[in-house]
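J.: I have a structure here, written as C-alpha cells, and I will follow up with some questions on it.
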Amino acid sequence: MRKIDLTNFQVATSETARDINRRIVLNLIRSHQPISRADLARHSGLQRSTVSVIAEQLIDQRWITEGADGHTLRGRRPRFLHLNKERVGIIGVNIRPATTTVALADLDANFVSQESIRTAPNPEQFVEDLVPRLRNLIKMRPEITCEGIGVSLPGRVDLVSQRLVFAPNLAWSDFDLKTAIEQATGLPVELENAANSCALAEIWFGQQAEGVRNLVAVTVSEGIGCGLILNHQLVQGSSGMAGEFGHTTMVEDGLECRCGNRGCWELYASNSAAVRYYSQSASSARNGKATSKSVSQAITFDHLLRLTDQSDPKAIEAINQMARYLGMGISRLVTGLAPDVIVVIGEVTRAWNRVGPIISETVKNHSFTLANTRIVSKDPSSQPRLRGTIAVVLQKHFGAPLVA
Ligand SMILES: [Zn+2]
C-alpha cells in the first residue's frame, strides 16, 4: 500500500473514474484484440453501455478501430475492435555515443521505417542533424498520426528541468534536448535513460513480463546502466538519478572513471572493459608490457566477439573476465533488490552461451539470500533500446493513472 503524499495528491473525481475505465478498456483491447464489446464488458466487469460509450470515444480519438464482423453461432455478428495500428504511430530516437537511430513504429512497436545517423559531438549540432530526419519521417507517412517522440539516452535527465545532467559516455554538456526537439517538430517529446527505456519496453512488449512486478534491465555497452521497475513502477530516485549501479565502486582504488569516481563497475564489465582486457593480454604477449593504446584502438567489441567464435584464447579470456565482473554486479542487484527477473541487454548477449553460465555461477557464489531471480538475455535483433523509445511514449497513454 502506498502512503498518501499530502504535498502532492489528486482527489478522485468522476473524471478520474472515467479515465481509469478508459485505460482499462484500452489495455484490454490491446491485449485481446480483436475483441467484441460484449467480451470487453465480460473481461472488465463494466456495463455493456459503459463499454460502448468508451469504445465510441476511443474510435473518435483514433486509438482504436472497428474491424470485420465476427461470427457467432447464434447469428448475430459482433463488430470486433482493435488498436488502430495503421493510423497511429510513435517516433523513436535512440541516441548512442557513436550512432543514433531514428524510427517510426506502430502501437505494437513494429518499425515501419528507420535509419541511422552519426551522433554529433555536441547537442546543438545533433538537433540540427536530427530535425530534418524527423520531418522526413512524418512527411513520408502522412496517413499516420504521430502521438509523440520518445528519446532514449545514455545518460540521466533531471526530472524537473528535463535537461541532460549525467551522460559521461556521451560527453555532452547540460542541454535541454526536449524543448529543442518539441519546438522544431511540434510533437511532444519524452526523454528517458536507455536502461529505463529498456525496462519499460520489457514491461510493455516483453514475452516474460506478464505478471512480473519487479524487473531490472541491465544495459551493457560502452558503459553499464540499470533501469529498475519495482512494484510495477519505474524507480526514478531523487531528481531522476536512480539506476546508476554502473558507477558504483567495484574495485577500491581502481581505474579512474569519466564520472569522477574510481573503480566503477562499468570500467570492469562493459564492452570497453573487454576490449581493454584483450588489448592488454595481446600487447603483453608481444612485448611483455601490459598497456598499448594503439592495440585498444585497433579492435572493436564486435571484432572481439568474432574472435571468440573463432576460439581465440585471449578473446575468450577477455569475454570471460567481463562476464565474471558482470556477474559480480548482478549478484548485488539480486541480493539487494530480489527482482523477479533481470534482463541483460547489449551486444554481449550474442555470446550468451558463454557469458550466461559465468554470470549465473558468479551470482550463485555471491548471493546467498535465495532470491528467486531469473537472469535472461535480450536478443539484440529485437532492438530493445529502440523499442524502449516507443514504450516511453506508449506508457503515457496506456499506463495506470496516478490517483491519491
Ligand atoms: Zn563512474
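We name chains A, B, ... following the order of the C-alpha cells; residues begin at 1 in each chain, and ligands are numbered from 1 as shown.
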May I have all residues of stretch 2-207 of chain A that DSSP, computed from the backbone, assigns to strand (DSSP E), given as a PyMOL selection string?
T.: chain A and resi 64-69+79-83+88-95+99-105+111-118+145-153+156-157+164-166+189-193
J.: Can you tell me which residues come within 7 Å of ligand 1 when counting only C-alpha atoms and all ligand atoms, ideally as a PDB file with C-alpha atoms, in the first residue's frame?
T.:
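File produced: pocket_3.pdb:
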ATOM      1  CA  GLY A 246      27.381   1.167 -13.306  1.00  0.00           C
ATOM      2  CA  HIS A 247      29.057   3.947 -11.369  1.00  0.00           C
ATOM      3  CA  THR A 248      29.204   2.221  -8.002  1.00  0.00           C
ATOM      4  CA  CYS A 257      36.221   6.778 -14.413  1.00  0.00           C
ATOM      5  CA  ARG A 258      34.850   9.600 -16.551  1.00  0.00           C
ATOM      6  CA  CYS A 259      32.234  10.212 -13.843  1.00  0.00           C
ATOM      7  CA  GLY A 260      34.981  11.294 -11.416  1.00  0.00           C
ATOM      8  CA  ASN A 261      34.888   8.168  -9.227  1.00  0.00           C
ATOM      9  CA  ARG A 262      37.413   5.319  -9.268  1.00  0.00           C
ATOM     10  CA  CYS A 264      33.305   1.893 -11.205  1.00  0.00           C
TER      11      CYS A 264
END
J.: Select from stretch 146-222 of chain A every residue with an atom at most 8 Å from any atom of stretch 107-130 of chain A, then for each give the shortest pair of atoms and their distance in Å to one decimal, using only C-alpha atoms, rows by chain and rising number, as JSON lines.
T.:
{"residue": "A:Ala171", "atom": "CA", "partner": "A:Pro121", "partner_atom": "CA", "distance": 7.8}
{"residue": "A:Trp172", "atom": "CA", "partner": "A:Asn122", "partner_atom": "CA", "distance": 5.6}
{"residue": "A:Ser173", "atom": "CA", "partner": "A:Asn122", "partner_atom": "CA", "distance": 7.6}
{"residue": "A:Phe175", "atom": "CA", "partner": "A:Pro123", "partner_atom": "CA", "distance": 6.9}
{"residue": "A:Leu177", "atom": "CA", "partner": "A:Pro123", "partner_atom": "CA", "distance": 7.5}
{"residue": "A:Ala180", "atom": "CA", "partner": "A:Val127", "partner_atom": "CA", "distance": 7.2}
{"residue": "A:Ile181", "atom": "CA", "partner": "A:Val127", "partner_atom": "CA", "distance": 7.0}
{"residue": "A:Phe205", "atom": "CA", "partner": "A:Asp108", "partner_atom": "CA", "distance": 7.5}
J.: Could those selected residues go to a file with C-alpha atoms, as a PDB file, in the first residue's frame?
T.:
ATOM      1  CA  ALA A 171      30.370  13.814 -23.207  1.00  0.00           C
ATOM      2  CA  TRP A 172      27.662  16.394 -23.993  1.00  0.00           C
ATOM      3  CA  SER A 173      27.241  19.412 -21.818  1.00  0.00           C
ATOM      4  CA  PHE A 175      21.320  20.733 -22.601  1.00  0.00           C
ATOM      5  CA  LEU A 177      17.011  18.457 -25.771  1.00  0.00           C
ATOM      6  CA  ALA A 180      14.638  21.965 -28.827  1.00  0.00           C
ATOM      7  CA  ILE A 181      13.010  18.919 -30.498  1.00  0.00           C
ATOM      8  CA  PHE A 205       6.316  -5.582 -25.135  1.00  0.00           C
TER       9      PHE A 205
END
J.: Name the residues of stretch 158-203 of chain A that come out as helix (DSSP H, G or I) in a backbone DSSP run; write them as a PyMOL selection string.
T.: chain A and resi 177-185+194-203
J.: Using the selection just defined, write its residues with C-alpha atoms as a short mmCIF file (atom, residue, chain, number, x, y, z; two decimals), in the first residue's frame.
T.:
data_model
loop_
_atom_site.label_atom_id
_atom_site.label_comp_id
_atom_site.auth_asym_id
_atom_site.auth_seq_id
_atom_site.Cartn_x
_atom_site.Cartn_y
_atom_site.Cartn_z
CA LEU A 177 17.01 18.46 -25.77
CA LYS A 178 13.27 18.15 -25.06
CA THR A 179 12.35 21.77 -25.78
CA ALA A 180 14.64 21.96 -28.83
CA ILE A 181 13.01 18.92 -30.50
CA GLU A 182 9.47 19.88 -29.45
CA GLN A 183 9.81 23.35 -30.90
CA ALA A 184 11.26 22.04 -34.16
CA THR A 185 8.64 19.31 -34.72
CA ALA A 194 18.41 4.00 -22.12
CA ALA A 195 18.25 1.39 -19.35
CA ASN A 196 14.94 2.79 -18.07
CA SER A 197 13.57 2.67 -21.63
CA CYS A 198 14.65 -0.96 -21.97
CA ALA A 199 12.97 -1.84 -18.67
CA LEU A 200 9.75 -0.17 -19.87
CA ALA A 201 9.99 -1.96 -23.24
CA GLU A 202 10.24 -5.27 -21.40
CA ILE A 203 7.15 -4.47 -19.33
#
J.: Have a look at atom CA of A:Ile24 and atom CA of A:Ser44 and let me know their distance in Å, one decimal.
T.: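 We find that atom CA of A:Ile24 and atom CA of A:Ser44 lie 7.4 Å from each other.
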J.: What lies within 8 Å of A:Arg23 using only C-alpha atoms, ignoring chain neighbours under 6 positions off, as a PyMOL selection string?
T.: chain A and resi 397-400
J.: Determine the nearest neighbour of A:Leu337 from the options A:Val216, A:Met250, A:Cys226, A:Arg324, counting only C-alpha atoms.
T.: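 So, comparing all the options, the nearest one is A:Val216.
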J.: Might you pull out every residue within 10 Å of stretch 4-19 of chain A, with only C-alpha atoms counted and same-chain residues fewer than 6 positions away left off, and present them as a PyMOL selection string?
T.: chain A and resi 25+50+54+400-404
J.: Tell me, as a list of chain:residue names, which residues lie within 8 Å of A:Asp340, counting only C-alpha atoms; anything in the same chain fewer than 5 positions away does not count.
T.: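 Listed by chain and then number, they are A:Val212, A:Arg213, A:Asn214, A:Leu215, A:Asn372, A:Thr373, A:Arg374.
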J.: Mind dumping the selected residues with N, CA and C atoms as a PDB file, in the first residue's frame?
T.:
ATOM      1  N   VAL A 212       4.977  -9.921 -13.945  1.00  0.00           N
ATOM      2  CA  VAL A 212       6.218  -9.540 -13.272  1.00  0.00           C
ATOM      3  C   VAL A 212       6.051  -8.173 -12.604  1.00  0.00           C
ATOM      4  N   ARG A 213       6.325  -8.113 -11.315  1.00  0.00           N
ATOM      5  CA  ARG A 213       6.199  -6.837 -10.590  1.00  0.00           C
ATOM      6  C   ARG A 213       7.533  -6.107 -10.483  1.00  0.00           C
ATOM      7  N   ASN A 214       8.620  -6.899 -10.406  1.00  0.00           N
ATOM      8  CA  ASN A 214       9.938  -6.312 -10.162  1.00  0.00           C
ATOM      9  C   ASN A 214      10.916  -6.776 -11.226  1.00  0.00           C
ATOM     10  N   LEU A 215      11.429  -5.822 -11.971  1.00  0.00           N
ATOM     11  CA  LEU A 215      12.291  -6.174 -13.101  1.00  0.00           C
ATOM     12  C   LEU A 215      13.452  -5.184 -13.171  1.00  0.00           C
ATOM     13  N   ASN A 372      14.766 -15.555  -5.823  1.00  0.00           N
ATOM     14  CA  ASN A 372      14.405 -16.434  -6.936  1.00  0.00           C
ATOM     15  C   ASN A 372      14.435 -15.670  -8.263  1.00  0.00           C
ATOM     16  N   THR A 373      15.544 -14.985  -8.520  1.00  0.00           N
ATOM     17  CA  THR A 373      15.626 -14.099  -9.689  1.00  0.00           C
ATOM     18  C   THR A 373      16.041 -14.861 -10.943  1.00  0.00           C
ATOM     19  N   ARG A 374      15.260 -14.677 -12.017  1.00  0.00           N
ATOM     20  CA  ARG A 374      15.669 -15.235 -13.307  1.00  0.00           C
ATOM     21  C   ARG A 374      16.578 -14.222 -13.994  1.00  0.00           C
TER      22      ARG A 374
END
J.: Mind checking which residues fall within 8 Å of A:Val157, counting only C-alpha atoms, ignoring those fewer than 3 positions away in the same chain, and posting them as a list in words?
T.: Gln162, Arg163, Leu164, Val165, Phe166, Leu191, Glu192, Asn193, Gly240 and Met241 of chain A
J.: Would you list the contacts of stretch 355-371 of chain A as an MDAnalysis selection string, taking every protein, DNA or RNA residue within 10 Å and counting only C-alpha atoms, but skipping same-chain residues closer than 4 positions in sequence?
T.: chainID A and resid 319:340 344 348:351 375:377
J.: Between atom CA of A:Ala98 and atom CA of A:Pro154, what distance in Å does the model show, to one decimal?
T.: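 Interatomic distance here is 11.0 Å.
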J.: State, in Å with one decimal place, the distance from atom CA of A:Gly89 to atom CA of A:Ala167.
T.: 28.6 Å
